[in-house]
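input.csv, holding CSV, C-alpha atoms:
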chain,number,residue,atom,x,y,z
A,9,MET,CA,183.0,116.9,95.3
A,10,ASP,CA,179.7,115.2,95.7
A,11,ILE,CA,180.9,111.7,96.5
A,12,TYR,CA,177.3,110.4,96.8
A,13,GLN,CA,176.5,111.5,93.2
A,14,GLN,CA,179.8,110.3,91.8
A,15,VAL,CA,179.4,106.8,93.1
A,16,THR,CA,175.8,106.6,92.1
A,17,ASP,CA,176.5,107.8,88.6
A,18,ALA,CA,179.2,105.2,88.2
A,19,ILE,CA,176.9,102.4,89.3
A,20,VAL,CA,174.0,103.7,87.2
A,21,SER,CA,176.2,103.7,84.2
A,22,ALA,CA,177.4,100.1,84.8
A,23,ILE,CA,173.8,99.0,85.3
A,24,GLU,CA,172.7,100.7,82.0
A,25,LYS,CA,175.5,99.0,80.1
A,26,GLY,CA,174.5,95.6,81.5
A,27,VAL,CA,170.8,95.8,80.4
A,28,GLY,CA,171.4,93.7,77.3
A,29,ASP,CA,172.9,90.7,79.0
A,30,PHE,CA,171.4,91.2,82.4
A,31,LYS,CA,174.8,91.6,83.9
A,32,MET,CA,174.9,94.1,86.7
A,33,PRO,CA,178.2,95.6,88.1
A,34,TRP,CA,178.0,93.0,90.9
A,35,HIS,CA,178.0,90.2,88.4
A,36,ARG,CA,181.2,91.5,86.8
A,37,GLY,CA,183.3,91.3,89.9
A,38,GLY,CA,184.4,87.8,88.8
A,39,GLY,CA,183.6,86.4,92.2
A,40,GLU,CA,186.5,88.3,93.8
A,41,MET,CA,186.2,90.8,96.6
A,42,PRO,CA,188.2,94.0,96.2
A,43,VAL,CA,191.1,93.8,98.6
A,44,ASN,CA,193.6,96.3,100.0
A,45,ILE,CA,197.2,95.8,99.1
A,46,ILE,CA,198.6,96.5,102.6
A,47,SER,CA,196.1,95.1,105.1
A,48,GLY,CA,194.9,92.2,102.8
A,49,ASN,CA,191.4,92.9,104.1
A,50,ASP,CA,188.4,93.0,101.8
A,51,TYR,CA,186.7,96.3,101.2
A,52,ARG,CA,183.2,96.5,102.7
A,53,GLY,CA,179.8,98.0,102.0
A,54,ILE,CA,179.4,100.5,99.3
A,55,ASN,CA,183.1,100.2,98.4
A,56,ILE,CA,182.6,96.7,97.1
A,57,VAL,CA,180.0,97.5,94.4
A,58,ASN,CA,181.6,100.8,93.7
A,59,LEU,CA,185.0,99.2,92.9
A,60,TRP,CA,183.4,96.5,90.9
A,61,ALA,CA,181.6,99.1,88.8
A,62,ILE,CA,184.8,101.1,88.4
A,63,GLY,CA,186.8,98.0,87.5
A,64,THR,CA,184.2,97.1,84.9
A,65,GLU,CA,184.1,100.5,83.4
A,66,ARG,CA,187.9,100.8,83.1
A,67,GLY,CA,188.6,97.2,82.2
A,68,PHE,CA,190.7,96.3,85.2
A,69,SER,CA,191.7,92.7,85.7
A,70,SER,CA,193.1,93.1,89.3
A,71,SER,CA,191.0,93.0,92.4
A,72,THR,CA,193.7,94.7,94.5
A,73,TRP,CA,193.6,98.4,95.4
A,74,GLY,CA,195.5,100.8,97.5
A,75,THR,CA,196.3,104.5,98.0
A,76,TYR,CA,199.3,106.0,96.4
A,77,ARG,CA,201.3,105.7,99.6
A,78,GLN,CA,200.2,102.2,100.2
A,79,TRP,CA,201.4,101.1,96.8
A,80,GLN,CA,204.8,102.8,97.6
A,81,GLU,CA,204.8,101.0,100.9
A,82,ALA,CA,204.3,97.7,99.0
A,83,GLY,CA,207.3,98.5,96.7
A,84,CYS,CA,205.2,99.5,93.7
A,85,GLN,CA,204.8,102.7,91.8
A,86,VAL,CA,201.6,104.2,90.4
A,87,ARG,CA,202.3,105.1,86.8
A,88,LYS,CA,202.3,108.8,85.9
A,89,GLY,CA,199.0,110.0,84.6
A,90,GLU,CA,196.9,107.2,86.1
A,91,LYS,CA,193.5,108.4,87.3
A,92,ALA,CA,192.5,107.6,90.9
A,93,SER,CA,189.2,106.1,92.0
A,94,ASN,CA,187.4,107.2,95.2
A,95,ILE,CA,186.4,105.0,98.1
A,96,ILE,CA,184.6,106.0,101.2
A,97,PHE,CA,185.1,105.5,104.9
A,98,TYR,CA,183.1,106.6,107.9
A,99,LYS,CA,185.0,107.9,111.0
A,100,GLN,CA,183.2,107.9,114.3
A,101,PHE,CA,184.0,110.2,117.1
A,102,THR,CA,182.4,111.5,120.3
A,103,GLU,CA,182.1,115.1,121.4
A,104,GLU,CA,180.5,117.0,124.2
A,105,ASP,CA,176.8,117.8,123.6
A,106,LYS,CA,176.5,121.5,124.2
A,107,GLU,CA,172.7,121.3,124.5
A,108,ALA,CA,172.9,118.6,127.2
A,109,GLU,CA,175.5,119.7,129.7
A,110,GLY,CA,177.8,116.9,130.8
A,111,GLU,CA,176.7,114.4,128.1
A,112,GLU,CA,178.5,113.2,125.0
A,113,LYS,CA,177.1,112.5,121.6
A,114,THR,CA,178.5,110.3,118.8
A,115,ARG,CA,178.9,111.5,115.3
A,116,ARG,CA,180.0,110.0,112.0
A,117,ILE,CA,181.7,111.8,109.2
A,118,MET,CA,182.3,110.5,105.7
A,119,ARG,CA,185.8,110.7,104.2
A,120,SER,CA,186.8,110.0,100.7
A,121,TYR,CA,190.2,108.4,99.8
A,122,ALA,CA,191.8,108.1,96.4
A,123,VAL,CA,192.9,104.6,95.4
A,124,PHE,CA,194.5,102.9,92.4
A,125,ASN,CA,194.0,99.4,91.0
A,126,GLY,CA,196.8,96.9,90.6
A,127,ASP,CA,196.6,97.3,86.9
A,128,GLN,CA,197.7,101.0,87.3
A,129,VAL,CA,201.0,100.3,89.0
A,130,ASP,CA,204.5,99.0,88.1
A,131,GLY,CA,206.0,96.3,90.2
A,132,PHE,CA,202.8,94.4,91.1
A,133,VAL,CA,201.9,91.0,89.9
A,134,ASN,CA,198.4,89.7,90.4
A,135,PRO,CA,198.5,86.7,92.8
A,136,GLU,CA,197.7,83.3,91.2
A,137,VAL,CA,194.2,82.1,92.0
A,138,ALA,CA,194.3,78.6,93.5
A,139,ASP,CA,192.7,75.9,91.4
A,140,VAL,CA,190.0,74.8,93.8
A,141,PRO,CA,188.0,71.8,92.6
A,142,GLU,CA,184.4,72.8,92.0
A,143,LEU,CA,182.9,70.1,94.2
A,144,GLU,CA,185.1,71.0,97.2
A,145,ARG,CA,184.2,74.6,96.8
A,146,LEU,CA,180.5,73.9,96.6
A,147,GLU,CA,180.6,71.7,99.7
A,148,HIS,CA,182.1,74.7,101.5
A,149,VAL,CA,179.1,76.8,100.4
A,150,ASP,CA,176.7,74.0,101.4
A,151,LEU,CA,178.1,74.2,104.9
A,152,ALA,CA,177.8,78.0,105.0
A,153,VAL,CA,174.1,77.7,103.9
A,154,LYS,CA,173.5,75.0,106.6
A,155,LYS,CA,174.9,77.2,109.3
A,156,THR,CA,172.3,80.0,108.6
A,157,GLY,CA,169.6,77.6,110.0
A,158,ALA,CA,167.2,78.8,107.3
A,159,ASN,CA,164.2,76.6,106.5
A,160,ILE,CA,164.8,75.7,102.8
A,161,LYS,CA,162.4,73.5,100.8
A,162,ALA,CA,163.1,72.1,97.4
A,163,GLY,CA,160.7,71.4,94.6
A,164,GLY,CA,159.1,74.8,94.0
A,165,THR,CA,158.4,76.1,90.6
A,166,LYS,CA,160.4,79.2,91.3
A,167,ALA,CA,162.8,80.6,93.9
A,168,CYS,CA,161.2,82.8,96.5
A,169,TYR,CA,161.1,83.7,100.2
A,170,LEU,CA,157.7,83.4,102.0
A,171,PRO,CA,157.7,85.7,105.1
A,172,SER,CA,154.4,84.3,106.3
A,173,THR,CA,155.9,80.9,106.9
A,174,ASP,CA,159.6,82.1,107.1
A,175,THR,CA,160.4,79.6,104.4
A,176,ILE,CA,162.6,79.7,101.3
A,177,LEU,CA,161.3,77.7,98.3
A,178,MET,CA,163.9,76.6,95.7
A,179,PRO,CA,163.3,74.7,92.4
A,180,ASP,CA,164.5,71.2,92.2
A,181,GLU,CA,168.4,71.2,92.2
A,182,ARG,CA,168.5,69.1,89.1
A,183,LYS,CA,167.3,72.1,87.2
A,184,PHE,CA,170.6,73.8,88.1
A,185,PHE,CA,172.9,70.9,87.1
A,186,GLY,CA,175.6,71.8,84.6
A,187,GLU,CA,177.6,69.7,82.1
A,188,ASN,CA,179.5,67.8,84.8
A,189,ASN,CA,176.3,66.9,86.6
A,190,GLN,CA,177.1,69.2,89.4
A,191,ARG,CA,175.1,72.1,90.8
A,192,THR,CA,176.3,75.2,89.1
A,193,GLU,CA,177.0,78.5,90.7
A,194,ALA,CA,173.6,79.7,89.4
A,195,TYR,CA,171.9,77.6,92.1
A,196,TYR,CA,174.0,79.2,94.9
A,197,SER,CA,173.7,82.7,93.6
A,198,THR,CA,169.9,82.3,93.5
A,199,LEU,CA,169.8,80.7,97.0
A,200,TRP,CA,171.9,83.5,98.6
A,201,HIS,CA,169.5,86.0,97.0
A,202,GLU,CA,166.6,84.4,98.8
A,203,LEU,CA,168.7,84.1,102.0
A,204,GLY,CA,169.2,87.9,101.7
A,205,HIS,CA,165.4,88.3,101.8
A,206,TRP,CA,165.2,85.8,104.7
A,207,SER,CA,167.7,87.9,106.7
A,208,GLY,CA,165.3,90.8,106.6
A,209,ASN,CA,162.6,89.0,108.6
A,210,LYS,CA,161.3,91.0,111.6
A,211,SER,CA,162.8,88.4,113.9
A,212,ARG,CA,166.3,89.0,112.4
A,213,LEU,CA,167.3,92.3,110.7
A,214,ASN,CA,163.7,93.6,110.6
A,215,ARG,CA,163.6,95.2,107.1
A,216,ASP,CA,160.4,96.2,105.3
A,217,LEU,CA,159.3,93.1,103.3
A,218,THR,CA,155.8,94.3,102.7
A,219,GLY,CA,156.4,96.1,99.4
A,220,LYS,CA,154.6,95.1,96.2
A,221,TYR,CA,156.0,94.8,92.7
A,222,GLY,CA,156.4,98.3,91.3
A,223,ASP,CA,156.8,100.0,94.7
A,224,GLU,CA,160.1,101.7,95.5
A,225,SER,CA,160.3,99.7,98.7
A,226,TYR,CA,160.0,96.5,96.7
A,227,ALA,CA,162.7,97.5,94.2
A,228,MET,CA,165.0,98.5,97.2
A,229,GLU,CA,164.5,95.1,98.9
A,230,GLU,CA,165.3,93.3,95.6
A,231,LEU,CA,168.5,95.4,95.2
A,232,ILE,CA,169.5,94.6,98.8
A,233,ALA,CA,169.0,90.9,98.2
A,234,GLU,CA,171.0,91.1,94.9
A,235,LEU,CA,173.9,92.8,96.6
A,236,THR,CA,173.7,90.4,99.5
A,237,SER,CA,174.0,87.5,97.1
A,238,ALA,CA,176.9,89.1,95.2
A,239,TYR,CA,178.8,89.9,98.5
A,240,CYS,CA,178.2,86.4,99.9
A,241,CYS,CA,179.2,84.7,96.7
A,242,ALA,CA,182.4,86.8,96.5
A,243,GLN,CA,183.3,85.9,100.1
A,244,LEU,CA,182.7,82.2,99.3
A,245,SER,CA,184.8,82.4,96.1
A,246,ILE,CA,181.9,81.7,93.7
A,247,SER,CA,180.7,84.0,90.9
A,248,PRO,CA,177.2,85.5,91.1
A,249,THR,CA,175.2,84.5,88.1
A,250,PRO,CA,172.9,86.9,86.2
A,251,ARG,CA,169.2,85.9,86.1
A,252,GLU,CA,167.0,86.9,83.2
A,253,ASP,CA,164.0,87.4,85.5
A,254,HIS,CA,165.9,90.3,87.0
A,255,ALA,CA,165.3,92.3,83.8
A,256,GLN,CA,162.0,93.3,85.3
A,257,TYR,CA,163.7,95.0,88.2
A,258,ILE,CA,166.3,96.9,86.3
A,259,ALA,CA,164.1,99.8,85.3
A,260,ASN,CA,162.9,100.2,88.9
A,261,TRP,CA,166.5,100.1,90.3
A,262,LEU,CA,167.5,102.8,87.9
A,263,GLN,CA,164.5,104.9,88.8
A,264,VAL,CA,165.3,104.6,92.5
A,265,LEU,CA,169.0,105.3,92.1
A,266,LYS,CA,168.5,108.3,89.8
A,267,LYS,CA,165.9,109.8,92.2
A,268,ASP,CA,168.0,109.4,95.3
A,269,LYS,CA,171.8,109.6,95.2
A,270,LYS,CA,172.1,108.0,98.6
A,271,ALA,CA,169.9,105.0,97.7
A,272,ILE,CA,172.8,102.7,96.7
A,273,PHE,CA,174.6,103.6,99.9
A,274,TYR,CA,171.5,102.5,101.9
A,275,ALA,CA,171.1,99.3,99.9
A,276,SER,CA,174.7,98.4,100.2
A,277,ALA,CA,174.8,99.1,104.0
A,278,ARG,CA,171.7,96.8,104.5
A,279,ALA,CA,173.4,94.2,102.3
A,280,GLN,CA,176.5,94.3,104.4
A,281,GLU,CA,174.4,93.8,107.5
A,282,ALA,CA,172.8,90.8,105.9
A,283,VAL,CA,176.2,89.3,104.9
A,284,ASN,CA,177.5,89.8,108.5
A,285,TYR,CA,174.4,88.0,109.8
A,286,LEU,CA,174.4,85.2,107.3
A,287,LEU,CA,178.1,84.4,107.3

Would you write the structure of this file as structure tokens?
Amino acid sequence: MDIYQQVTDAIVSAIEKGVGDFKMPWHRGGGEMPVNIISGNDYRGINIVNLWAIGTERGFSSSTWGTYRQWQEAGCQVRKGEKASNIIFYKQFTEEDKEAEGEEKTRRIMRSYAVFNGDQVDGFVNPEVADVPELERLEHVDLAVKKTGANIKAGGTKACYLPSTDTILMPDERKFFGENNQRTEAYYSTLWHELGHWSGNKSRLNRDLTGKYGDESYAMEELIAELTSAYCCAQLSISPTPREDHAQYIANWLQVLKKDKKAIFYASARAQEAVNYLL
């Protein structure tokens, strides 16, 4: 089984289905991180967007996943005939380097595990989501943004990151106000996207930010920033919001992903690094 191709195909399919309303698979996660039934830990890296895409494709309402044995351990039973989904883990080990006598080298191998969603088992009830007041939740996000130490200036005509001055420009916050005269999640989703670019500065995670619109490197950096925003928003319990201006990137993303089956793995890994740095 070519797990790289399988995961890429699932994500490409989800992207293509979202072209009409600009909703990518990372927008359909509902602001919830996929979580393991036994450990309670969030899944990481490529598994996040992969499980979001699978959940969207198959109409799952639960964000909880586990292997067959893990569901049994939790006192639940996977229903007969349910189709498993694949997740990926990398295992690191050391071995003697035969070419360099007396030295060791580190290797990583990828392993695939079959998991099932909470909607596919009997005996599991989705936990109730706490009714957190919007203002309290947004204050929490404000604190997370402040802790990054990024130089953010308001009043620009559009959201962007300027590597030359290491500055993030954001439109006036009033343009993001919703019906209750509060900043909507659209503001924060946009801000975390730009913070994703900011994390790639050469003084921080040192990614290539020199690409021009239309370049593969530019499309890849935009994808990294998008996934960074989605992952950060999910960890902070807010929903990432689709932006119509991302329509111009969709064709480039699809081109990159279809050309290289490992591209989404690379983008997701860089996004996870950015999340670790930012949060």

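Using all atoms listed in the file, the nearest neighbour of Asn159 of chain A within the list A:Leu177, A:Ala122, A:Leu265, A:Ala282 is A:Leu177.
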
Inset, instruction - Find the distance between atom CA of Leu170 of chain A and atom CA of Asn260 of chain A and write it in Å to one decimal. - result: 21.9 Å

Sorted per-residue table, segment 151-244 of chain A near segment 50-59 of chain A, closest atoms and distance, 10 Å, only C-alpha atoms, as JSON lines:
{"residue": "A:Leu235", "atom": "CA", "partner": "A:Val57", "partner_atom": "CA", "distance": 8.0}
{"residue": "A:Ala238", "atom": "CA", "partner": "A:Val57", "partner_atom": "CA", "distance": 9.0}
{"residue": "A:Tyr239", "atom": "CA", "partner": "A:Ile56", "partner_atom": "CA", "distance": 7.9}
{"residue": "A:Ala242", "atom": "CA", "partner": "A:Ile56", "partner_atom": "CA", "distance": 9.9}
{"residue": "A:Gln243", "atom": "CA", "partner": "A:Asp50", "partner_atom": "CA", "distance": 8.9}

Inset, instruction - Could you please give me, as a list in words, the residues of protein, DNA or RNA lying at most 10 Å from (169.1, 90.2, 108.3) in the coordinate frame of the file, considering all atoms listed in the file? - result: Leu203, Gly204, His205, Trp206, Ser207, Gly208, Asn209, Lys210, Ser211, Arg212, Leu213, Asn214, Arg215, Thr236, Arg278, Ala279, Gln280, Glu281, Ala282, Val283, Asn284, Tyr285 and Leu286 of chain A

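Between atom CA of Val129 of chain A and atom CA of Arg87 of chain A lies a distance of 5.4 Å.
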
Inset, instruction - One decimal, Å: what's the distance from atom CA of Gly126 of chain A over to atom CA of Ile246 of chain A, could you say? - result: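 About the pair atom CA of Gly126 of chain A and atom CA of Ile246 of chain A: they are 21.5 Å apart.
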
Who sits within 7 Å of segment 171-176 of chain A, only C-alpha atoms, same chain under 2 positions skipped, as a PDB file with C-alpha atoms, keeping the file's coordinate frame:
ATOM      1  CA  ASN A 159     164.200  76.600 106.500  1.00  0.00           C
ATOM      2  CA  ILE A 160     164.800  75.700 102.800  1.00  0.00           C
ATOM      3  CA  LYS A 161     162.400  73.500 100.800  1.00  0.00           C
ATOM      4  CA  CYS A 168     161.200  82.800  96.500  1.00  0.00           C
ATOM      5  CA  TYR A 169     161.100  83.700 100.200  1.00  0.00           C
ATOM      6  CA  MET A 178     163.900  76.600  95.700  1.00  0.00           C
ATOM      7  CA  GLU A 202     166.600  84.400  98.800  1.00  0.00           C
ATOM      8  CA  ASN A 209     162.600  89.000 108.600  1.00  0.00           C
TER       9      ASN A 209
END

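Residue nearest Arg119 of chain A within the list A:Cys84, A:Ala18, A:Ala194, A:Ile11: A:Ile11 [criterion: smallest interatomic distance, all atoms listed in the file].
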
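For the residues A:Asp10, A:Glu103, A:Asp127, A:Glu112, ranking by smallest atom-to-atom distance to Gly74 of chain A using all atoms listed in the file places A:Asp127 first.
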